[in-house]
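Visitor: Quick one: the structure is below, and I'll ask about it shortly.
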Protein chains: 2
Amino acid sequence: MSPTIKDVAQVAGVSIATVSRVVNGRGVKPETERVVLDTIEKLGYHVNLVARSLKTSKTQTIGLLVPDFGPFFMEIAKVIEEVLNGFGYSLIVCSSDENVEREQQRVIMLKEKQVDGMILVPSSEQANHLAEIQAEGVPVVLLDRMVSDFRGDCVLVDNVNGSYLAVEHLINQGYERIGLINGRQEVTTGQERYRGFRRVFEDYNMAVSEDLILNGNFTTESGYALMRQFLESPNPPEAVFVANYYMTIGALLAINELGIKVPESLGLVGFDSMDLTRLANPPLTAVVQPMRELGEEVARLIYERVNGDDSGFPRLLRLKPELVVRESSKMVRGLRTQEGPGSVLKRAHGA
Amino acid sequence: MSPTIKDVAQVAGVSIATVSRVVNGRGVKPETERVVLDTIEKLGYHVNLVARSLKTSKTQTIGLLVPDFGPFFMEIAKVIEEVLNGFGYSLIVCSSDENVEREQQRVIMLKEKQVDGMILVPSSEQANHLAEIQAEGVPVVLLDRMVSDFRGDCVLVDNVNGSYLAVEHLINQGYERIGLINGRQEVTTGQERYRGFRRVFEDYNMAVSEDLILNGNFTTESGYALMRQFLESPNPPEAVFVANYYMTIGALLAINELGIKVPESLGLVGFDSMDLTRLANPPLTAVVQPMRELGEEVARLIYERVNGDDSGFPRLLRLKPELVVRESSKMVRGLRTQEGPGSVLKRAHGA
DNA sequence: CTGAAAGCGCTAACAG
DNA sequence: CTGTTAGCGCTTTCAG
């Protein structure tokens, strides 16, 4: 169908090697080059990158495997794509759906497609498929989450500290009964944010109320359900820290639905900040991750690895999150002492 | 590095043709198959899809070219990926950045990567590069936007009507000075939403105030700037229709920043509804696009085209948007007559 | 049912 | 500077 190097060679009256040379900008006599360039133009020739890849065993393609296509990972994906495009690479994006088997399938598929490297957000502690791929010479760099028995590069955020900042802030505001809506404990982000939560209480020498720790699965749905569970319980928390973006949205939905006033009746700190958290009612205090930086670093790192630069392997980059204080965590002074023990719902609707 | 069909053949003591046959599930004697399967397992062999593609001239890959990686298109991308994965295809996603030249580059790149087909959200009225690709036998289906001089498949939304519903609703609520924050007029979504806006006024025999029509470029920034322009003008609209998702967010940001009360001081209808519009303060009335359906249809269609089914070419699917009425467009009865001519800012802060 | 052999479009020695 | 040639790993006739 489309013309090949051979067609160009024939029409231009040169050998295919010469055509290949001008296409790749090697040394060719200016006149010959002109002729070839012209026929390329005339015939509308384009390289067949599949053929080139077969020959060079490089596809100039990086696989990106994320747990979902939600705004958080897509925001990062966008940055990765930008950076990698600048280096002449393209991206194959797949979703593992927070599911190990699907993750393994996708990893195999990417390997079969001969990606030069892959960026992967693991959805479990499973690492054998990663080690395998790595052993076959395909660079892998982990993003956002770690896998303990995997020896390799990793770009992520200091979640312990992010979580710590959030909860410490709540304590400093004067809140005592602080609840946690936590993410999946099977992955490091969930584990680390949980650890940060506990550590604050240790450091402040306060007891953590175990009944105020709820485990979700990172989804909007679970954030919603868990927040409802809190709000409808007989002895709800005074403030809640929601440890991930999607769950924060769900929590907000539940809060709105029940007509709870924030921060009057409930202090709230979320994780991650995008448009939504700025627009929420009231503006949400949140732990903000450096998403652009995350994307840039991971893209840069995979690029280096793919190009044979193994310096500092395995590299662990831990970027710092930041606490952005807005309205949702303002302690309304004296609130707790003005009223007897009562539910948030009472505080919300009540006299 | 990785074992090839040849290695497997050698170890298994058969010819490469036989290995190929078992890999592709062709007729092979069960015993032979066993042996081959075992050595495949033992060697950890995986097909090299690049080689297969070169031979079969099919890559089982679809290119998806969107103007940006924002939540709107990513929501659709997610569905497309799901459906196409089900058919055994993967996706290469690129962004054109609403820029024709970049779009052309990306199209060429995708062609060079030998994608079997492409789904494209055009960012201009330019069509030559599309026709060219199409002529070379690569199926192209347009998504969300049309290009007038392009003869091909197209999956989009009835924007005229979406816009119409929104503005008609505002009129029925009793608003008269209705503003429009419009998207890029270079693409059909912008054009059609504008047309729908005007048509309502025609049908209701009302004059449209030309000074209340502002043209943005679909970005959050432009939504913000334009809404500010409205709010700070001496004679602002009573209600505004924002004709795209990102601009709606920007508009909301401006409204929040200036402390404008919605709907008391300003009626508002946005376009597209995702989490944000539900959580906005107050809940936003919006034209909702059937994003899942959009993704499913376009994925299905490209799949058919790629597999040689040309039925009904060129097919034009126009899905129906829906108006979801929430709080932001509730006319506060009598508002307009209670006050003299005054700015929204006065209404907002004013006595 | 299996093997031998051709060739997809390209790059990269190697000769000239 | 340019042409010839040998594959990259796979599928697919065509024989056997």
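If you're wondering about the labels, chains in the structure tokens are A, B, ... by order shown, residues count from 1 in each chain, ligands from 1 in order shown.
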Show me a table, sorted first by chain and then by increasing residue number, of the residues of chain B having an atom at most 9 Å from chain C, each with its shortest atom pair and the distance in Å to one decimal, counting only C-alpha atoms (C1' of nucleotides) and written as a tab-separated table.

Guide:
residue	atom	partner	partner_atom	distance
B:Val14	CA	C:DT2	C1'	8.4
B:Ser15	CA	C:DG3	C1'	6.2
B:Ile16	CA	C:DG3	C1'	8.5
B:Ala17	CA	C:DG3	C1'	7.3
B:Thr18	CA	C:DT2	C1'	6.9
B:Gly27	CA	C:DC1	C1'	7.7
B:Val28	CA	C:DC1	C1'	6.3
B:Lys29	CA	C:DC1	C1'	6.5
B:Ala51	CA	C:DC8	C1'	8.8
B:Ser53	CA	C:DC8	C1'	8.6
B:Leu54	CA	C:DC8	C1'	5.2
B:Lys55	CA	C:DC8	C1'	4.5
B:Thr56	CA	C:DC8	C1'	7.5
B:Ser57	CA	C:DC8	C1'	7.7

Visitor: Take the residues just selected and output them with N, CA and C atoms as a PDB file, in the first residue's frame.

Guide:
ATOM      1  N   VAL B  14      11.734 -29.123  16.957  1.00  0.00           N
ATOM      2  CA  VAL B  14      10.777 -29.024  15.846  1.00  0.00           C
ATOM      3  C   VAL B  14      11.190 -27.846  14.977  1.00  0.00           C
ATOM      4  N   SER B  15      10.431 -27.592  13.939  1.00  0.00           N
ATOM      5  CA  SER B  15      10.750 -26.448  13.087  1.00  0.00           C
ATOM      6  C   SER B  15      10.071 -25.193  13.620  1.00  0.00           C
ATOM      7  N   ILE B  16      10.577 -24.047  13.210  1.00  0.00           N
ATOM      8  CA  ILE B  16       9.981 -22.797  13.671  1.00  0.00           C
ATOM      9  C   ILE B  16       8.524 -22.678  13.229  1.00  0.00           C
ATOM     10  N   ALA B  17       8.225 -23.255  12.100  1.00  0.00           N
ATOM     11  CA  ALA B  17       6.841 -23.207  11.613  1.00  0.00           C
ATOM     12  C   ALA B  17       5.909 -23.859  12.625  1.00  0.00           C
ATOM     13  N   THR B  18       6.358 -24.962  13.160  1.00  0.00           N
ATOM     14  CA  THR B  18       5.534 -25.669  14.142  1.00  0.00           C
ATOM     15  C   THR B  18       5.325 -24.831  15.389  1.00  0.00           C
ATOM     16  N   GLY B  27      -3.544 -26.161  13.781  1.00  0.00           N
ATOM     17  CA  GLY B  27      -3.589 -27.608  13.956  1.00  0.00           C
ATOM     18  C   GLY B  27      -2.210 -28.240  14.125  1.00  0.00           C
ATOM     19  N   VAL B  28      -1.945 -28.740  15.300  1.00  0.00           N
ATOM     20  CA  VAL B  28      -0.678 -29.420  15.568  1.00  0.00           C
ATOM     21  C   VAL B  28      -1.000 -30.687  16.366  1.00  0.00           C
ATOM     22  N   LYS B  29      -0.242 -31.716  16.159  1.00  0.00           N
ATOM     23  CA  LYS B  29      -0.483 -32.954  16.890  1.00  0.00           C
ATOM     24  C   LYS B  29      -0.315 -32.695  18.393  1.00  0.00           C
ATOM     25  N   ALA B  51       7.789  -8.102  15.378  1.00  0.00           N
ATOM     26  CA  ALA B  51       8.059  -8.978  14.234  1.00  0.00           C
ATOM     27  C   ALA B  51       6.755  -9.452  13.599  1.00  0.00           C
ATOM     28  N   SER B  53       3.954  -7.980  13.631  1.00  0.00           N
ATOM     29  CA  SER B  53       3.325  -6.858  12.952  1.00  0.00           C
ATOM     30  C   SER B  53       3.954  -6.613  11.591  1.00  0.00           C
ATOM     31  N   LEU B  54       5.255  -6.731  11.543  1.00  0.00           N
ATOM     32  CA  LEU B  54       5.934  -6.472  10.277  1.00  0.00           C
ATOM     33  C   LEU B  54       5.446  -7.471   9.230  1.00  0.00           C
ATOM     34  N   LYS B  55       5.258  -8.684   9.697  1.00  0.00           N
ATOM     35  CA  LYS B  55       4.825  -9.735   8.780  1.00  0.00           C
ATOM     36  C   LYS B  55       3.360  -9.583   8.372  1.00  0.00           C
ATOM     37  N   THR B  56       2.524  -9.329   9.369  1.00  0.00           N
ATOM     38  CA  THR B  56       1.087  -9.298   9.102  1.00  0.00           C
ATOM     39  C   THR B  56       0.567  -7.918   8.703  1.00  0.00           C
ATOM     40  N   SER B  57       1.406  -6.939   8.825  1.00  0.00           N
ATOM     41  CA  SER B  57       1.006  -5.533   8.671  1.00  0.00           C
ATOM     42  C   SER B  57      -0.253  -5.183   9.460  1.00  0.00           C
TER      43      SER B  57
END

Visitor: After a least-squares superposition of chain A onto chain B, with every Cα atom paired in order, give the RMSD to one decimal place.

Guide: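 With chain A fitted onto chain B, the C-alpha RMSD reads 0.1 Å.
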
Visitor: I'd like to know which of B:Arg21, B:Met227, B:Phe241, B:Tyr303 is closest to DT12 (chain D), using only C-alpha atoms (C1' of nucleotides).

Guide: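 Nearest to DT12 (chain D): B:Arg21.
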
Visitor: Going by DSSP on the backbone, which residues of region 91-179 of chain B come out as strand (DSSP E or B)? List them as a ChimeraX atom specification.

Guide: /B:91-95,117-120,140-143,153-157,178-179

Visitor: Starting from chain B, keep only residues with some atom at most 7 Å from an atom of chain A, counting only C-alpha atoms, and report them as a list in words.

Guide: Met1, Ser2, His46, Val47, Asn48, Leu49, Val50, Ala51, Leu54, Phe69, Pro71, Met74, Lys78, Leu91, Ile92, Val93, Glu112, Lys113, Gln114, Glu136, Leu253, Leu276, Leu279, Ala280 and Asn281 of chain B

Visitor: Just want the 12 Å neighbourhood of Gln126 (chain A), counted on only C-alpha atoms (C1' of nucleotides), with same-chain residues fewer than 4 positions away dropped. Output as a PDB file with C-alpha atoms, in the first residue's frame.

Guide:
ATOM      1  CA  ASN A  99      -5.821  -5.754  40.063  1.00  0.00           C
ATOM      2  CA  VAL A 100      -2.669  -7.868  40.160  1.00  0.00           C
ATOM      3  CA  GLU A 101      -3.637 -10.345  37.490  1.00  0.00           C
ATOM      4  CA  GLU A 103      -1.347  -5.933  35.942  1.00  0.00           C
ATOM      5  CA  GLN A 104       0.614  -9.035  35.079  1.00  0.00           C
ATOM      6  CA  VAL A 121       2.250   1.980  39.494  1.00  0.00           C
ATOM      7  CA  PRO A 122       2.088  -1.393  41.237  1.00  0.00           C
ATOM      8  CA  LEU A 130       8.527  -7.124  37.537  1.00  0.00           C
ATOM      9  CA  ALA A 131      11.747  -8.884  38.352  1.00  0.00           C
ATOM     10  CA  GLU A 132      11.187 -11.144  35.361  1.00  0.00           C
ATOM     11  CA  MET A 146       6.894   0.839  46.120  1.00  0.00           C
ATOM     12  CA  VAL A 147       7.145  -2.916  46.212  1.00  0.00           C
ATOM     13  CA  SER A 148       9.270  -4.152  49.069  1.00  0.00           C
ATOM     14  CA  ASP A 149      10.994  -7.105  47.467  1.00  0.00           C
ATOM     15  CA  PHE A 150      11.691  -5.351  44.211  1.00  0.00           C
ATOM     16  CA  GLU A 186      -1.806  -3.688  50.224  1.00  0.00           C
ATOM     17  CA  VAL A 187       0.162  -0.852  48.679  1.00  0.00           C
ATOM     18  CA  THR A 188       2.778   1.387  50.146  1.00  0.00           C
TER      19      THR A 188
END

Visitor: Leaving out region 319-321 of chain A and any residue of its chain fewer than 6 positions from it, which residues lie within 12 Å of it when counting only C-alpha atoms (C1' of nucleotides), given as a PDB file with N, CA and C atoms, in the first residue's frame?

Guide:
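Generated output (result-v1.pdb):
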ATOM      1  N   LEU A 143       6.326   3.999  40.100  1.00  0.00           N
ATOM      2  CA  LEU A 143       5.830   5.341  40.333  1.00  0.00           C
ATOM      3  C   LEU A 143       4.798   5.332  41.448  1.00  0.00           C
ATOM      4  N   ASP A 144       4.902   6.277  42.334  1.00  0.00           N
ATOM      5  CA  ASP A 144       3.895   6.522  43.367  1.00  0.00           C
ATOM      6  C   ASP A 144       3.863   5.468  44.468  1.00  0.00           C
ATOM      7  N   CYS A 154      12.590   3.988  41.687  1.00  0.00           N
ATOM      8  CA  CYS A 154      11.324   4.303  42.304  1.00  0.00           C
ATOM      9  C   CYS A 154      11.179   5.813  42.481  1.00  0.00           C
ATOM     10  N   VAL A 155      10.078   6.351  42.008  1.00  0.00           N
ATOM     11  CA  VAL A 155       9.822   7.777  42.186  1.00  0.00           C
ATOM     12  C   VAL A 155       8.518   7.931  42.930  1.00  0.00           C
ATOM     13  N   LEU A 156       8.589   8.458  44.120  1.00  0.00           N
ATOM     14  CA  LEU A 156       7.353   8.597  44.871  1.00  0.00           C
ATOM     15  C   LEU A 156       7.389   9.753  45.832  1.00  0.00           C
ATOM     16  N   VAL A 157       6.381   9.802  46.674  1.00  0.00           N
ATOM     17  CA  VAL A 157       6.198  10.934  47.547  1.00  0.00           C
ATOM     18  C   VAL A 157       6.380  10.471  48.991  1.00  0.00           C
ATOM     19  N   ASP A 158       6.822  11.362  49.822  1.00  0.00           N
ATOM     20  CA  ASP A 158       6.970  11.041  51.235  1.00  0.00           C
ATOM     21  C   ASP A 158       5.598  11.031  51.895  1.00  0.00           C
ATOM     22  N   ASN A 159       4.958   9.892  51.807  1.00  0.00           N
ATOM     23  CA  ASN A 159       3.582   9.798  52.280  1.00  0.00           C
ATOM     24  C   ASN A 159       3.460   9.857  53.797  1.00  0.00           C
ATOM     25  N   VAL A 160       4.445   9.271  54.464  1.00  0.00           N
ATOM     26  CA  VAL A 160       4.405   9.293  55.921  1.00  0.00           C
ATOM     27  C   VAL A 160       4.322  10.740  56.374  1.00  0.00           C
ATOM     28  N   ASN A 161       5.186  11.539  55.826  1.00  0.00           N
ATOM     29  CA  ASN A 161       5.211  12.933  56.206  1.00  0.00           C
ATOM     30  C   ASN A 161       3.996  13.714  55.766  1.00  0.00           C
ATOM     31  N   GLY A 162       3.487  13.383  54.576  1.00  0.00           N
ATOM     32  CA  GLY A 162       2.301  14.069  54.096  1.00  0.00           C
ATOM     33  C   GLY A 162       1.163  13.859  55.074  1.00  0.00           C
ATOM     34  N   SER A 163       0.983  12.618  55.406  1.00  0.00           N
ATOM     35  CA  SER A 163      -0.056  12.239  56.335  1.00  0.00           C
ATOM     36  C   SER A 163       0.188  12.902  57.696  1.00  0.00           C
ATOM     37  N   TYR A 164       1.425  12.895  58.094  1.00  0.00           N
ATOM     38  CA  TYR A 164       1.808  13.477  59.382  1.00  0.00           C
ATOM     39  C   TYR A 164       1.417  14.953  59.446  1.00  0.00           C
ATOM     40  N   LEU A 165       1.791  15.672  58.411  1.00  0.00           N
ATOM     41  CA  LEU A 165       1.483  17.101  58.360  1.00  0.00           C
ATOM     42  C   LEU A 165      -0.007  17.351  58.516  1.00  0.00           C
ATOM     43  N   ALA A 166      -0.780  16.559  57.820  1.00  0.00           N
ATOM     44  CA  ALA A 166      -2.232  16.735  57.823  1.00  0.00           C
ATOM     45  C   ALA A 166      -2.794  16.546  59.229  1.00  0.00           C
ATOM     46  N   ARG A 193       0.724   6.215  54.629  1.00  0.00           N
ATOM     47  CA  ARG A 193      -0.159   7.262  55.136  1.00  0.00           C
ATOM     48  C   ARG A 193      -0.744   6.854  56.486  1.00  0.00           C
ATOM     49  N   PHE A 271      -6.470  14.591  50.630  1.00  0.00           N
ATOM     50  CA  PHE A 271      -5.172  14.334  50.027  1.00  0.00           C
ATOM     51  C   PHE A 271      -5.260  14.734  48.561  1.00  0.00           C
ATOM     52  N   ASP A 272      -4.204  15.350  48.080  1.00  0.00           N
ATOM     53  CA  ASP A 272      -4.126  15.782  46.684  1.00  0.00           C
ATOM     54  C   ASP A 272      -5.017  16.980  46.452  1.00  0.00           C
ATOM     55  N   SER A 273      -4.547  17.851  45.629  1.00  0.00           N
ATOM     56  CA  SER A 273      -5.354  19.020  45.363  1.00  0.00           C
ATOM     57  C   SER A 273      -5.362  19.338  43.893  1.00  0.00           C
ATOM     58  N   ALA A 286      -5.641  20.428  52.219  1.00  0.00           N
ATOM     59  CA  ALA A 286      -5.235  19.159  51.617  1.00  0.00           C
ATOM     60  C   ALA A 286      -3.733  18.977  51.558  1.00  0.00           C
ATOM     61  N   VAL A 287      -3.327  17.727  51.563  1.00  0.00           N
ATOM     62  CA  VAL A 287      -1.939  17.385  51.322  1.00  0.00           C
ATOM     63  C   VAL A 287      -1.758  17.361  49.808  1.00  0.00           C
ATOM     64  N   VAL A 288      -0.880  18.206  49.319  1.00  0.00           N
ATOM     65  CA  VAL A 288      -0.711  18.344  47.883  1.00  0.00           C
ATOM     66  C   VAL A 288       0.545  17.626  47.429  1.00  0.00           C
ATOM     67  N   GLN A 289       0.410  16.802  46.418  1.00  0.00           N
ATOM     68  CA  GLN A 289       1.570  16.105  45.897  1.00  0.00           C
ATOM     69  C   GLN A 289       2.135  16.875  44.709  1.00  0.00           C
ATOM     70  N   PRO A 290       3.430  16.849  44.547  1.00  0.00           N
ATOM     71  CA  PRO A 290       4.053  17.570  43.433  1.00  0.00           C
ATOM     72  C   PRO A 290       3.925  16.750  42.169  1.00  0.00           C
ATOM     73  N   MET A 291       2.757  16.781  41.569  1.00  0.00           N
ATOM     74  CA  MET A 291       2.483  15.888  40.452  1.00  0.00           C
ATOM     75  C   MET A 291       3.331  16.152  39.220  1.00  0.00           C
ATOM     76  N   ARG A 292       3.524  17.437  38.940  1.00  0.00           N
ATOM     77  CA  ARG A 292       4.349  17.757  37.779  1.00  0.00           C
ATOM     78  C   ARG A 292       5.766  17.221  37.968  1.00  0.00           C
ATOM     79  N   GLU A 293       6.291  17.467  39.128  1.00  0.00           N
ATOM     80  CA  GLU A 293       7.654  17.027  39.413  1.00  0.00           C
ATOM     81  C   GLU A 293       7.754  15.502  39.356  1.00  0.00           C
ATOM     82  N   LEU A 294       6.753  14.867  39.926  1.00  0.00           N
ATOM     83  CA  LEU A 294       6.684  13.411  39.906  1.00  0.00           C
ATOM     84  C   LEU A 294       6.789  12.905  38.459  1.00  0.00           C
ATOM     85  N   GLY A 295       5.982  13.497  37.594  1.00  0.00           N
ATOM     86  CA  GLY A 295       5.969  13.087  36.188  1.00  0.00           C
ATOM     87  C   GLY A 295       7.296  13.372  35.515  1.00  0.00           C
ATOM     88  N   GLU A 296       7.839  14.546  35.786  1.00  0.00           N
ATOM     89  CA  GLU A 296       9.099  14.911  35.149  1.00  0.00           C
ATOM     90  C   GLU A 296      10.217  13.978  35.576  1.00  0.00           C
ATOM     91  N   GLU A 297      10.287  13.706  36.862  1.00  0.00           N
ATOM     92  CA  GLU A 297      11.372  12.875  37.363  1.00  0.00           C
ATOM     93  C   GLU A 297      11.282  11.461  36.820  1.00  0.00           C
ATOM     94  N   VAL A 298      10.092  10.920  36.841  1.00  0.00           N
ATOM     95  CA  VAL A 298       9.950   9.537  36.408  1.00  0.00           C
ATOM     96  C   VAL A 298      10.220   9.417  34.909  1.00  0.00           C
TER      97      VAL A 298
END

Visitor: Compile the contact shell of Asn182 (chain A) as number ranges by chain: residues with an atom at most 9 Å away, counting only C-alpha atoms (C1' of nucleotides), same-chain residues fewer than 6 positions apart removed.

Guide: A: 190-191, 193-194, 213-218, 223, 241-244, 247

Visitor: Can you tell me how far CA of Gln134 (chain A) sits from CA of Asp310 (chain A), in Å to one decimal?

Guide: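 About the pair CA of Gln134 (chain A) and CA of Asp310 (chain A): they are 13.0 Å apart.
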